[in-house]
Amino acid sequence: MRLLFKFLRFDAGDRHLLIMTLILLAAMRLGLWLLPFRTLLKVLAKISQPVHPQATNQISIGKIVWAVNVASRYMLGVKCLARALTTQVLMNQYNHPCQLRIGVAKDESGTLEAHAWIEHQGKIVIGNLSDLSRFIPLPTLEGVKL
């Protein structure tokens with residue numbers, strides 16, 4: 001009940017963004033589970049088209065990151081890749097150019113780890129870690145034929 005009252009305190013625009021983010025994040029988790037990554041990227045490229053191409057930056061990057069962070073708190077098992085892909089889709093829809101980055105590293109026992117984050121104009125907008133520098137970024141997917 002407390003969650004509902006908290007949700008209702010947001011203005012209509014924030015509620016709409018949060019609902020859309022929750023739906024997109026759930027779909028992203030499902031897509032990562034069910035689809036080959038290449039297929040998922042093809043689908044995301046289609047839905048990532050700007051909502052209103054002539055209007056720019058209708059929703060700020062800060063609001064998008066806020067919505068992804070809030071939605072992630074209420075959805076169990078959300079990992080960095082689902083968060084990053086959700087952020088990327090929303091940023092693309094609202095005309096904020098961004099880049100998906102995926103990095104790899106080995107932990108102390110030699111196990112391979114991966115982490116995903118989103119950059120905008122060279123700055124990390126979501127997925128920053130205190131030890132992010134230990135991850136070696138893979139080449140971007142920009143220009144890769146899907």
# chains A, B, ... in the order shown; residues from 1 in each chain; ligands from 1
$ residues_around --residues "Ser133 of chain A" --least-positions-apart "5" --cutoff "12 Å" --atoms "only C-alpha atoms" --output "MDAnalysis selection string"
chainID A and resid 103:105 115 128
$ residues_around --residues "Thr21 of chain A" --least-positions-apart "5" --cutoff "7 Å" --atoms "only C-alpha atoms" --output "PDB file with N, CA, C and O atoms, in the first residue's frame"
ATOM      1  N   ALA A  67      14.259   6.530 -13.749  1.00  0.00           N
ATOM      2  CA  ALA A  67      13.211   5.534 -13.990  1.00  0.00           C
ATOM      3  C   ALA A  67      13.794   4.119 -14.031  1.00  0.00           C
ATOM      4  O   ALA A  67      13.210   3.189 -13.468  1.00  0.00           O
ATOM      5  N   VAL A  68      14.932   3.945 -14.671  1.00  0.00           N
ATOM      6  CA  VAL A  68      15.563   2.617 -14.730  1.00  0.00           C
ATOM      7  C   VAL A  68      16.006   2.180 -13.335  1.00  0.00           C
ATOM      8  O   VAL A  68      15.800   1.023 -12.947  1.00  0.00           O
ATOM      9  N   ALA A  71      12.742   1.336 -11.312  1.00  0.00           N
ATOM     10  CA  ALA A  71      12.146   0.092 -11.815  1.00  0.00           C
ATOM     11  C   ALA A  71      12.990  -1.120 -11.428  1.00  0.00           C
ATOM     12  O   ALA A  71      12.457  -2.174 -11.070  1.00  0.00           O
TER      13      ALA A  71
END
$ select_by_dssp --residues "chain A" --states "helix (DSSP H, G or I)" --output "count of residues only"
72
$ select_by_dssp --residues "chain A" --states "strand (DSSP E or B)" --output "list in words"
Gln99, Leu100, Arg101, Ile102, Gly103, Val104, Ala105, Lys106, Leu112, Glu113, Ala114, His115, Ala116, Trp117, Ile118, Glu119, His120, Lys123, Ile124, Val125, Ile126, Ile136 and Pro137 of chain A
$ residues_around --residues "Ile23 of chain A" --least-positions-apart "6" --cutoff "12 Å" --atoms "only C-alpha atoms" --output "ChimeraX atom specification"
/A:16-17,29-30,67-68,71-72,74-75,86,90
$ write_last_selection --atoms "N, CA, C and O atoms" --output "PDB file, in the first residue's frame"
ATOM      1  N   HIS A  16       4.045   7.817 -16.059  1.00  0.00           N
ATOM      2  CA  HIS A  16       4.040   7.221 -17.402  1.00  0.00           C
ATOM      3  C   HIS A  16       5.428   6.667 -17.742  1.00  0.00           C
ATOM      4  O   HIS A  16       5.557   5.532 -18.215  1.00  0.00           O
ATOM      5  N   LEU A  17       6.472   7.455 -17.507  1.00  0.00           N
ATOM      6  CA  LEU A  17       7.835   7.011 -17.786  1.00  0.00           C
ATOM      7  C   LEU A  17       8.188   5.779 -16.955  1.00  0.00           C
ATOM      8  O   LEU A  17       8.772   4.818 -17.459  1.00  0.00           O
ATOM      9  N   ARG A  29      14.436  -8.409 -19.790  1.00  0.00           N
ATOM     10  CA  ARG A  29      14.844  -9.614 -19.052  1.00  0.00           C
ATOM     11  C   ARG A  29      14.361 -10.864 -19.764  1.00  0.00           C
ATOM     12  O   ARG A  29      15.097 -11.837 -19.905  1.00  0.00           O
ATOM     13  N   LEU A  30      13.124 -10.840 -20.216  1.00  0.00           N
ATOM     14  CA  LEU A  30      12.556 -11.975 -20.927  1.00  0.00           C
ATOM     15  C   LEU A  30      13.295 -12.203 -22.253  1.00  0.00           C
ATOM     16  O   LEU A  30      13.642 -13.330 -22.601  1.00  0.00           O
ATOM     17  N   ALA A  67      14.259   6.530 -13.749  1.00  0.00           N
ATOM     18  CA  ALA A  67      13.211   5.534 -13.990  1.00  0.00           C
ATOM     19  C   ALA A  67      13.794   4.119 -14.031  1.00  0.00           C
ATOM     20  O   ALA A  67      13.210   3.189 -13.468  1.00  0.00           O
ATOM     21  N   VAL A  68      14.932   3.945 -14.671  1.00  0.00           N
ATOM     22  CA  VAL A  68      15.563   2.617 -14.730  1.00  0.00           C
ATOM     23  C   VAL A  68      16.006   2.180 -13.335  1.00  0.00           C
ATOM     24  O   VAL A  68      15.800   1.023 -12.947  1.00  0.00           O
ATOM     25  N   ALA A  71      12.742   1.336 -11.312  1.00  0.00           N
ATOM     26  CA  ALA A  71      12.146   0.092 -11.815  1.00  0.00           C
ATOM     27  C   ALA A  71      12.990  -1.120 -11.428  1.00  0.00           C
ATOM     28  O   ALA A  71      12.457  -2.174 -11.070  1.00  0.00           O
ATOM     29  N   SER A  72      14.301  -0.969 -11.457  1.00  0.00           N
ATOM     30  CA  SER A  72      15.206  -2.080 -11.116  1.00  0.00           C
ATOM     31  C   SER A  72      15.073  -2.501  -9.652  1.00  0.00           C
ATOM     32  O   SER A  72      15.254  -3.671  -9.322  1.00  0.00           O
ATOM     33  N   TYR A  74      12.396  -2.669  -7.959  1.00  0.00           N
ATOM     34  CA  TYR A  74      11.167  -3.414  -7.734  1.00  0.00           C
ATOM     35  C   TYR A  74      11.052  -4.660  -8.608  1.00  0.00           C
ATOM     36  O   TYR A  74      10.017  -5.310  -8.616  1.00  0.00           O
ATOM     37  N   MET A  75      12.106  -4.985  -9.328  1.00  0.00           N
ATOM     38  CA  MET A  75      12.097  -6.161 -10.182  1.00  0.00           C
ATOM     39  C   MET A  75      13.295  -7.030  -9.781  1.00  0.00           C
ATOM     40  O   MET A  75      14.444  -6.606  -9.926  1.00  0.00           O
ATOM     41  N   THR A  86      17.890  -1.346 -21.462  1.00  0.00           N
ATOM     42  CA  THR A  86      16.676  -0.563 -21.226  1.00  0.00           C
ATOM     43  C   THR A  86      16.982   0.930 -21.308  1.00  0.00           C
ATOM     44  O   THR A  86      16.256   1.693 -21.958  1.00  0.00           O
ATOM     45  N   LEU A  90      15.501   3.694 -24.153  1.00  0.00           N
ATOM     46  CA  LEU A  90      14.823   4.932 -23.743  1.00  0.00           C
ATOM     47  C   LEU A  90      15.588   6.174 -24.210  1.00  0.00           C
ATOM     48  O   LEU A  90      14.978   7.140 -24.693  1.00  0.00           O
TER      49      LEU A  90
END
$ residues_around --residues "segment 37-54 of chain A" --least-positions-apart "2" --cutoff "8 Å" --atoms "only C-alpha atoms" --output "list in words"
Gly31, Leu32, Leu35, Thr56, Gln88, Val89, Leu90, Asn92, Gln93, Tyr94, Asn95 and Leu146 of chain A
$ residues_around --residues "Leu85 of chain A" --least-positions-apart "2" --cutoff "9 Å" --atoms "only C-alpha atoms" --output "VMD selection string"
chain A and resid 25 28 44 80 to 83 87 to 90 100 116 to 118
$ closest_residue --among "A:Met91, A:Cys98, A:Ala84, A:Leu18" --to "Trp66 of chain A" --atoms "only C-alpha atoms"
A:Leu18
$ atom_distance --atom1 "atom CA of Gln99 of chain A" --atom2 "atom CA of Leu129 of chain A"
16.9 Å
$ atom_distance --atom1 "atom CA of Gln58 of chain A" --atom2 "atom CA of His120 of chain A"
16.2 Å
$ decode --residues "segment 10-27 of chain A" --atoms "N, CA, C and O atoms" --output "CSV table (one decimal), in the first residue's frame"
chain,number,residue,atom,x,y,z
A,10,PHE,N,4.0,10.8,-7.7
A,10,PHE,CA,4.7,11.3,-8.8
A,10,PHE,C,3.8,12.0,-9.8
A,10,PHE,O,2.6,11.7,-9.8
A,11,ASP,N,4.3,13.0,-10.5
A,11,ASP,CA,3.4,13.6,-11.5
A,11,ASP,C,3.1,12.6,-12.6
A,11,ASP,O,3.8,11.6,-12.8
A,12,ALA,N,2.2,13.0,-13.5
A,12,ALA,CA,1.7,12.0,-14.5
A,12,ALA,C,2.8,11.6,-15.5
A,12,ALA,O,2.9,10.5,-15.9
A,13,GLY,N,3.7,12.6,-15.8
A,13,GLY,CA,4.8,12.3,-16.7
A,13,GLY,C,5.7,11.3,-16.2
A,13,GLY,O,6.2,10.3,-16.8
A,14,ASP,N,6.1,11.4,-14.9
A,14,ASP,CA,7.0,10.5,-14.2
A,14,ASP,C,6.3,9.1,-14.1
A,14,ASP,O,7.0,8.1,-14.2
A,15,ARG,N,5.0,9.1,-13.8
A,15,ARG,CA,4.3,7.8,-13.7
A,15,ARG,C,4.3,7.1,-15.0
A,15,ARG,O,4.6,5.9,-15.1
A,16,HIS,N,4.0,7.8,-16.1
A,16,HIS,CA,4.0,7.2,-17.4
A,16,HIS,C,5.4,6.7,-17.7
A,16,HIS,O,5.6,5.5,-18.2
A,17,LEU,N,6.5,7.5,-17.5
A,17,LEU,CA,7.8,7.0,-17.8
A,17,LEU,C,8.2,5.8,-17.0
A,17,LEU,O,8.8,4.8,-17.5
A,18,LEU,N,7.8,5.8,-15.7
A,18,LEU,CA,8.1,4.6,-14.8
A,18,LEU,C,7.4,3.4,-15.3
A,18,LEU,O,8.0,2.3,-15.3
A,19,ILE,N,6.1,3.5,-15.6
A,19,ILE,CA,5.4,2.3,-16.1
A,19,ILE,C,6.0,1.8,-17.4
A,19,ILE,O,6.2,0.6,-17.5
A,20,MET,N,6.3,2.7,-18.3
A,20,MET,CA,7.0,2.2,-19.6
A,20,MET,C,8.3,1.6,-19.3
A,20,MET,O,8.7,0.6,-19.9
A,21,THR,N,9.0,2.1,-18.4
A,21,THR,CA,10.4,1.6,-18.0
A,21,THR,C,10.2,0.2,-17.4
A,21,THR,O,11.0,-0.7,-17.7
A,22,LEU,N,9.2,0.0,-16.5
A,22,LEU,CA,9.0,-1.3,-15.9
A,22,LEU,C,8.6,-2.3,-17.0
A,22,LEU,O,9.1,-3.5,-17.0
A,23,ILE,N,7.8,-2.0,-17.9
A,23,ILE,CA,7.4,-2.9,-19.0
A,23,ILE,C,8.6,-3.2,-19.8
A,23,ILE,O,8.8,-4.4,-20.2
A,24,LEU,N,9.4,-2.2,-20.2
A,24,LEU,CA,10.5,-2.4,-21.1
A,24,LEU,C,11.6,-3.3,-20.3
A,24,LEU,O,12.2,-4.2,-20.9
A,25,LEU,N,11.8,-3.0,-19.1
A,25,LEU,CA,12.8,-3.8,-18.3
A,25,LEU,C,12.4,-5.2,-18.2
A,25,LEU,O,13.2,-6.1,-18.3
A,26,ALA,N,11.1,-5.5,-17.9
A,26,ALA,CA,10.6,-6.9,-17.9
A,26,ALA,C,10.7,-7.5,-19.2
A,26,ALA,O,11.2,-8.7,-19.3
A,27,ALA,N,10.4,-6.8,-20.3
A,27,ALA,CA,10.6,-7.4,-21.6
A,27,ALA,C,12.0,-7.7,-22.0
A,27,ALA,O,12.4,-8.7,-22.6
